[in-house]
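Structure file model.txt (compact mmCIF, C-alpha atoms) is printed below.
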```txt
# COMPACT_ATOMS: atom_id res chain seq x y z
CA MET S 1 -47.54 2.76 4.24
CA ILE S 2 -48.94 -0.77 4.13
CA PRO S 3 -52.72 -0.88 3.57
CA VAL S 4 -54.48 -2.32 6.60
CA SER S 5 -56.77 -4.42 4.40
CA HIS S 6 -53.74 -6.30 3.03
CA VAL S 7 -52.53 -7.12 6.54
CA LEU S 8 -56.01 -8.30 7.48
CA SER S 9 -56.26 -10.42 4.33
CA LEU S 10 -52.93 -12.10 5.16
CA SER S 11 -54.26 -12.75 8.64
CA ALA S 12 -57.45 -14.28 7.17
CA ILE S 13 -55.39 -16.54 4.88
CA LEU S 14 -53.21 -17.76 7.75
CA PHE S 15 -56.28 -18.34 9.92
CA THR S 16 -57.91 -20.39 7.16
CA ILE S 17 -54.79 -22.49 6.74
CA GLY S 18 -54.92 -23.13 10.49
CA VAL S 19 -58.59 -24.14 10.33
CA THR S 20 -57.90 -26.46 7.40
CA GLY S 21 -55.04 -28.04 9.30
CA VAL S 22 -57.25 -28.72 12.30
CA ILE S 23 -59.78 -30.35 9.97
CA ILE S 24 -57.53 -32.53 7.78
CA ARG S 25 -54.59 -33.47 10.03
CA ARG S 26 -54.86 -36.48 12.30
CA ASN S 27 -51.76 -36.07 14.45
CA ALA S 28 -52.77 -34.27 17.66
CA ILE S 29 -49.50 -32.35 17.90
CA VAL S 30 -49.86 -31.00 14.36
CA VAL S 31 -53.47 -30.05 15.12
CA PHE S 32 -52.09 -28.17 18.11
CA MET S 33 -49.53 -26.37 15.92
CA CYS S 34 -52.35 -25.30 13.62
CA ILE S 35 -54.16 -23.84 16.64
CA GLU S 36 -51.01 -21.84 17.42
CA LEU S 37 -51.01 -20.66 13.81
CA MET S 38 -54.60 -19.44 14.18
CA LEU S 39 -53.72 -17.56 17.37
CA ASN S 40 -50.84 -15.94 15.51
CA ALA S 41 -53.10 -14.92 12.65
CA VAL S 42 -55.35 -13.19 15.16
CA ASN S 43 -52.30 -11.44 16.63
CA LEU S 44 -51.45 -10.20 13.15
CA ALA S 45 -54.97 -8.78 12.78
CA PHE S 46 -54.64 -6.98 16.14
CA ILE S 47 -51.27 -5.50 15.13
CA GLY S 48 -52.70 -4.47 11.75
CA PHE S 49 -55.53 -2.59 13.41
CA ALA S 50 -53.17 -1.01 15.95
CA TYR S 51 -50.99 0.13 13.05
CA GLY S 52 -53.86 1.48 11.01
CA MET S 53 -55.63 3.27 13.86
CA HIS S 54 -52.56 4.61 15.71
CA SER S 55 -53.69 2.84 18.85
CA MET S 56 -51.92 0.79 21.51
CA VAL S 57 -54.91 -1.35 22.53
CA GLY S 58 -54.13 -3.95 19.86
CA VAL S 59 -50.58 -4.32 21.16
CA MET S 60 -51.91 -4.92 24.68
CA PHE S 61 -54.23 -7.61 23.39
CA VAL S 62 -51.38 -9.30 21.52
CA PHE S 63 -49.46 -9.32 24.78
CA PHE S 64 -52.28 -11.12 26.58
CA VAL S 65 -52.96 -13.50 23.68
CA LEU S 66 -49.28 -14.47 23.77
CA ILE S 67 -49.45 -15.31 27.46
CA VAL S 68 -52.66 -17.30 27.03
CA ALA S 69 -51.08 -19.15 24.08
CA ALA S 70 -48.05 -20.05 26.20
CA ALA S 71 -50.25 -21.35 29.04
CA GLU S 72 -52.39 -23.28 26.57
CA ALA S 73 -49.33 -24.85 24.93
CA VAL S 74 -47.96 -26.01 28.27
CA VAL S 75 -51.23 -27.56 29.47
CA GLY S 76 -52.12 -29.03 26.07
CA LEU S 77 -48.74 -30.67 25.58
CA SER S 78 -48.85 -32.18 29.05
CA ILE S 79 -52.33 -33.55 28.27
CA MET S 80 -50.86 -35.09 25.11
CA LEU S 81 -48.05 -36.67 27.13
CA ALA S 82 -50.62 -38.21 29.46
CA ILE S 83 -52.77 -39.45 26.56
CA PHE S 84 -49.79 -40.97 24.76
CA ARG S 85 -48.72 -42.71 27.96
CA ASN S 86 -52.19 -44.19 28.47
CA LYS S 87 -53.32 -44.96 24.92
CA GLY S 88 -50.07 -45.22 22.98
CA THR S 89 -51.29 -43.07 20.12
CA LEU S 90 -51.80 -39.44 19.21
CA ASN S 91 -54.14 -40.06 16.31
CA VAL S 92 -57.20 -37.94 16.99
CA ASP S 93 -59.46 -40.52 15.31
CA GLU S 94 -58.51 -43.12 17.90
CA ILE S 95 -58.85 -40.84 20.92
CA ASN S 96 -62.63 -41.02 21.14
CA LEU S 97 -63.29 -41.48 24.84
CA LEU S 98 -65.59 -38.44 25.02
CA ARG S 99 -67.14 -38.89 21.62
CA TRP S 100 -70.59 -40.29 22.26
CA MET K 1 -44.20 1.17 -5.27
CA ASP K 2 -42.93 1.74 -1.81
CA ILE K 3 -40.16 -0.49 -0.48
CA GLN K 4 -42.08 -1.26 2.71
CA LEU K 5 -44.94 -2.70 0.68
CA ILE K 6 -42.57 -4.86 -1.42
CA PHE K 7 -41.00 -6.32 1.72
CA PHE K 8 -44.46 -6.86 3.18
CA TYR K 9 -45.47 -8.91 0.14
CA ILE K 10 -42.23 -10.93 0.23
CA PHE K 11 -42.65 -11.78 3.90
CA ALA K 12 -46.39 -12.45 3.44
CA VAL K 13 -45.74 -14.97 0.65
CA MET K 14 -43.06 -16.66 2.76
CA ALA K 15 -45.33 -16.80 5.81
CA VAL K 16 -48.14 -18.35 3.78
CA GLY K 17 -45.66 -20.83 2.29
CA GLY K 18 -44.48 -21.77 5.78
CA ALA K 19 -48.06 -22.19 6.97
CA LEU K 20 -48.87 -24.40 3.97
CA SER K 21 -45.84 -26.55 4.71
CA VAL K 22 -47.06 -26.94 8.31
CA LEU K 23 -50.25 -28.22 6.75
CA LEU K 24 -48.64 -30.62 4.27
CA PHE K 25 -45.35 -31.96 5.70
CA ARG K 26 -45.50 -35.56 6.84
CA SER K 27 -43.26 -35.54 9.87
CA PRO K 28 -44.32 -33.49 12.94
CA VAL K 29 -40.69 -32.35 13.36
CA TYR K 30 -40.70 -30.76 9.88
CA CYS K 31 -44.07 -29.20 10.69
CA ALA K 32 -42.64 -27.67 13.86
CA LEU K 33 -39.62 -26.27 12.01
CA ALA K 34 -41.85 -24.82 9.28
CA LEU K 35 -43.94 -23.22 12.00
CA VAL K 36 -40.81 -21.63 13.51
CA GLY K 37 -40.09 -20.15 10.07
CA THR K 38 -43.64 -18.85 9.77
CA PHE K 39 -43.36 -17.17 13.18
CA GLY K 40 -40.08 -15.59 12.09
CA PHE K 41 -41.65 -14.12 8.95
CA LEU K 42 -44.60 -12.88 10.99
CA ALA K 43 -42.14 -11.18 13.35
CA ALA K 44 -40.60 -9.47 10.30
CA ILE K 45 -44.08 -8.27 9.31
CA PHE K 46 -44.61 -6.95 12.84
CA ILE K 47 -41.41 -4.93 12.47
CA LEU K 48 -42.68 -3.52 9.16
CA LEU K 49 -45.87 -2.54 10.98
CA GLY K 50 -43.84 -0.57 13.50
CA ASN K 51 -43.99 -2.92 16.48
CA GLU K 52 -40.43 -4.00 17.20
CA PHE K 53 -41.30 -4.93 20.77
CA VAL K 54 -44.02 -7.38 19.71
CA ALA K 55 -41.66 -8.82 17.10
CA ALA K 56 -39.02 -9.46 19.77
CA ILE K 57 -41.62 -11.05 22.07
CA GLN K 58 -42.85 -13.15 19.15
CA ILE K 59 -39.38 -14.51 18.47
CA LEU K 60 -38.59 -15.09 22.15
CA VAL K 61 -41.87 -16.61 23.29
CA TYR K 62 -43.26 -18.30 20.18
CA ALA K 63 -40.28 -19.28 18.05
CA GLY K 64 -38.11 -19.76 21.12
CA ALA K 65 -40.04 -21.13 24.05
CA ILE K 66 -43.26 -22.62 22.67
CA MET K 67 -41.76 -24.31 19.62
CA VAL K 68 -38.87 -25.77 21.66
CA LEU K 69 -41.55 -27.18 23.96
CA PHE K 70 -43.30 -28.74 20.95
CA LEU K 71 -40.03 -30.22 19.70
CA PHE K 72 -39.25 -31.59 23.15
CA VAL K 73 -42.62 -33.32 23.30
CA ILE K 74 -42.23 -34.71 19.76
CA MET K 75 -38.80 -36.13 20.64
CA LEU K 76 -40.07 -37.43 23.98
CA LEU K 77 -43.00 -39.26 22.43
CA ASN K 78 -40.84 -40.80 19.67
CA LEU K 79 -43.57 -40.28 17.10
CA ARG K 80 -41.66 -42.21 14.44
CA THR K 81 -43.48 -45.25 15.77
CA VAL K 82 -46.81 -43.56 15.12
CA GLU K 83 -48.28 -44.10 11.68
CA PRO K 84 -47.18 -41.42 9.17
CA PHE K 85 -49.53 -38.82 7.83
CA ASN K 86 -51.39 -39.92 4.74
CA LEU K 87 -54.04 -37.63 3.47
CA LYS K 88 -57.16 -39.69 2.97
CA TRP K 89 -59.83 -37.46 1.52
CA SER K 90 -63.11 -38.43 3.06
CA LEU K 91 -66.36 -36.54 2.54
CA PRO K 92 -66.30 -34.73 5.94
CA LYS K 93 -62.76 -33.50 5.28
CA VAL K 94 -63.64 -32.17 1.82
CA LEU K 95 -66.71 -30.47 3.25
CA GLY K 96 -64.57 -28.98 6.03
CA VAL K 97 -62.07 -27.57 3.55
CA VAL K 98 -64.89 -26.12 1.43
CA VAL K 99 -66.43 -24.50 4.50
CA SER K 100 -63.09 -23.04 5.60
CA ILE K 101 -62.54 -21.59 2.12
CA GLY K 102 -66.00 -20.05 2.43
CA ILE K 103 -64.95 -18.55 5.77
CA LEU K 104 -61.83 -17.18 4.07
CA ALA K 105 -63.86 -15.53 1.30
CA GLN K 106 -66.20 -13.99 3.83
CA MET K 107 -63.38 -12.72 6.07
CA ILE K 108 -61.49 -11.17 3.16
CA GLY K 109 -64.69 -9.55 1.92
CA VAL K 110 -65.35 -8.02 5.33
CA PHE K 111 -61.75 -6.93 5.86
CA THR K 112 -61.27 -5.29 2.49
CA SER K 113 -64.51 -3.36 2.85
CA ALA K 114 -63.88 -2.42 6.50
CA ALA K 115 -60.63 -0.63 5.67
CA ALA K 116 -62.55 2.34 4.33
CA ARG K 117 -64.15 3.02 7.73
CA LEU K 118 -61.53 2.36 10.39
CA GLY K 119 -62.92 4.82 12.92
CA PRO K 120 -61.17 7.72 14.62
CA MET K 121 -57.39 7.67 14.89
CA GLY K 122 -55.85 7.00 18.29
CA ALA K 123 -53.28 9.12 20.07
CA TYR K 124 -50.25 6.97 19.28
CA SER K 125 -48.96 7.95 15.86
CA PRO K 126 -45.74 6.33 14.59
CA GLU K 127 -43.90 9.61 15.15
CA ARG K 128 -44.95 9.74 18.79
CA ILE K 129 -44.00 6.09 19.29
CA ALA K 130 -40.60 6.74 17.70
CA GLN K 131 -40.12 9.77 19.93
CA GLU K 132 -41.16 8.29 23.27
CA GLY K 133 -40.12 4.68 22.67
CA ALA K 134 -42.51 1.78 22.15
CA VAL K 135 -41.43 -0.13 25.25
CA GLN K 136 -41.96 2.91 27.47
CA ILE K 137 -45.46 3.52 26.11
CA ILE K 138 -46.41 -0.16 26.38
CA GLY K 139 -45.13 -0.29 29.95
CA GLN K 140 -47.04 2.83 30.91
CA ILE K 141 -50.33 1.54 29.49
CA LEU K 142 -49.79 -1.95 30.88
CA PHE K 143 -49.31 -0.74 34.44
CA THR K 144 -52.08 1.87 34.43
CA ASP K 145 -55.08 0.92 32.25
CA TYR K 146 -54.37 -2.82 32.05
CA VAL K 147 -53.00 -3.54 35.50
CA LEU K 148 -55.91 -5.81 36.52
CA PRO K 149 -55.64 -8.14 33.47
CA PHE K 150 -51.88 -8.13 34.00
CA GLU K 151 -52.24 -9.36 37.58
CA VAL K 152 -55.00 -11.85 36.70
CA ILE K 153 -52.91 -13.36 33.93
CA SER K 154 -50.13 -14.08 36.42
CA VAL K 155 -52.63 -16.27 38.30
CA LEU K 156 -53.50 -17.96 34.98
CA LEU K 157 -49.82 -18.70 34.35
CA MET K 158 -49.41 -20.19 37.81
CA VAL K 159 -52.49 -22.37 37.34
CA ALA K 160 -51.12 -23.53 33.97
CA VAL K 161 -47.74 -24.46 35.42
CA ILE K 162 -49.26 -26.38 38.34
CA GLY K 163 -51.79 -28.06 36.02
CA ALA K 164 -49.05 -29.12 33.60
CA VAL K 165 -47.01 -30.67 36.39
CA VAL K 166 -50.02 -32.49 37.84
CA ILE K 167 -51.24 -33.79 34.47
CA ALA K 168 -47.89 -34.87 33.09
CA LYS K 169 -46.41 -36.56 36.14
CA ARG K 170 -46.40 -40.32 36.29
CA ARG K 171 -48.77 -41.94 38.74
CA LEU K 172 -46.71 -43.02 41.72
CA PRO K 173 -47.37 -46.57 42.95
CA PRO K 174 -49.32 -46.62 46.22
CA PRO K 175 -47.17 -47.05 49.35
CA GLY K 176 -46.27 -50.66 50.09
CA GLU K 177 -46.05 -51.68 46.43
CA GLU K 178 -42.75 -49.95 45.69
CA GLY K 179 -41.03 -52.87 44.01
CA ARG K 180 -44.12 -53.71 41.94
```
Encoded form using structure tokens:
Amino acid sequence: MIPVSHVLSLSAILFTIGVTGVIIRRNAIVVFMCIELMLNAVNLAFIGFAYGMHSMVGVMFVFFVLIVAAAEAVVGLSIMLAIFRNKGTLNVDEINLLRW
Amino acid sequence: MDIQLIFFYIFAVMAVGGALSVLLFRSPVYCALALVGTFGFLAAIFILLGNEFVAAIQILVYAGAIMVLFLFVIMLLNLRTVEPFNLKWSLPKVLGVVVSIGILAQMIGVFTSAAARLGPMGAYSPERIAQEGAVQIIGQILFTDYVLPFEVISVLLMVAVIGAVVIAKRRLPPPGEEGR
């Protein structure tokens, strides 16, 4: 039996690594990968709770999070294609059209 | 110590290592491959937690479809021409890392204390899941209690596909200017 708190701690660590990646990386695609990592950490927390509480609700939520993540990846990557075509860079410091 | 727990720790360390290499590798291609590895280890953890179905979906959708999409886009954009990653530590970044470590401490504090009061147990014990089959139970719940979200999410997927096509397609020249 794996303690639920250990699963949740692993999920918190992975989520924090994702947050740190979004903060320190400048390449938009890597920032996007870190967002996927955060979504996966949340999935792990859902599965941990489903495991600890003998429930199926967490599994359902993981199912829906997966679908939303897939849709988000498709739209986000196509936005990046369009940005790269127009601006020639994926550095998030240089893409500042909506900044001020 | 129980063998399940030992394997959990092994896979957890490997998943954290994969996540850290996503954070620190220079090339986006290496980052993507490290992320595939992380998803694989997470799938192994899902199996240890008794959810083989979610582990299979994780491998198929995340490590298979989504990461191949990422790799396609990286290859398509030819990011070798883009400046490589060099970690310049500016004050906002350091502050951001400090804040995220604070978030980590807080989350771990909440999670380790919340384990003592998880609430009432649900009806789906591992024995019942093993007896009836996880896929059967998931299908039953998905098409009874969660049928509305299931149908709504199909609309979301269609919107995403159409949006991706519209956003990513090249602007066609207006009629009459075909040859530029």
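With distances taken over only C-alpha atoms, K:Leu104 is the one residue among K:Pro120, K:Leu104, K:Gly50, K:Val29 lying closest to S:Ser11.
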For chain S, which residue out of K:Phe46, K:Gln140, K:Val155, K:Ala34 is the nearest one, using only C-alpha atoms?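 Of the candidates, the smallest distance to chain S is held by K:Phe46.
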Taking all atoms listed in the file into account, find every residue of chain S that has an atom no more than 6 Å from chain K, and write it out as a VMD selection string. chain S and resid 2 5 9 16 20 to 21 24 53 to 55 71 75 78 82
Work out how far atom CA of K:Val147 is from atom CA of S:Gly76, in Å to one decimal.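 Interatomic distance here is 27.2 Å.
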For atom CA of S:Asn40 and atom CA of S:Leu14, determine how far apart the two atoms are, in Å to one decimal place.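 So the answer is 8.3 Å.
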Nearest to S:Phe84 among K:Asn78, K:Ala63, K:Ala56, K:Val68, with distances taken over only C-alpha atoms: which residue is it? K:Asn78
Go ahead and compute the interatomic distance for atom CA of K:Ile10 and atom CA of K:Ala44, in Å to one decimal.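 Taking atom CA of K:Ile10 as the start and atom CA of K:Ala44 as the end point, the length is 10.3 Å.
Remark: for S:Phe64, the closest of the candidate residues K:Gly133, K:Met1, K:Glu151, K:Pro175 is K:Glu151 (distances computed over only C-alpha atoms).
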Please provide the set of residues having any atom within 9 Å of S:Val42, restricted to all atoms listed in the file, with same-chain residues fewer than 3 positions apart removed, written as a ChimeraX atom specification. /S:11-12,14-15,37-39,45-47,62,65
Could you check which of K:Met14, K:Leu148, K:Val135, K:Met75 is closest to S:Leu81, using all atoms listed in the file?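 The answer is K:Met75, which sits nearest to S:Leu81.
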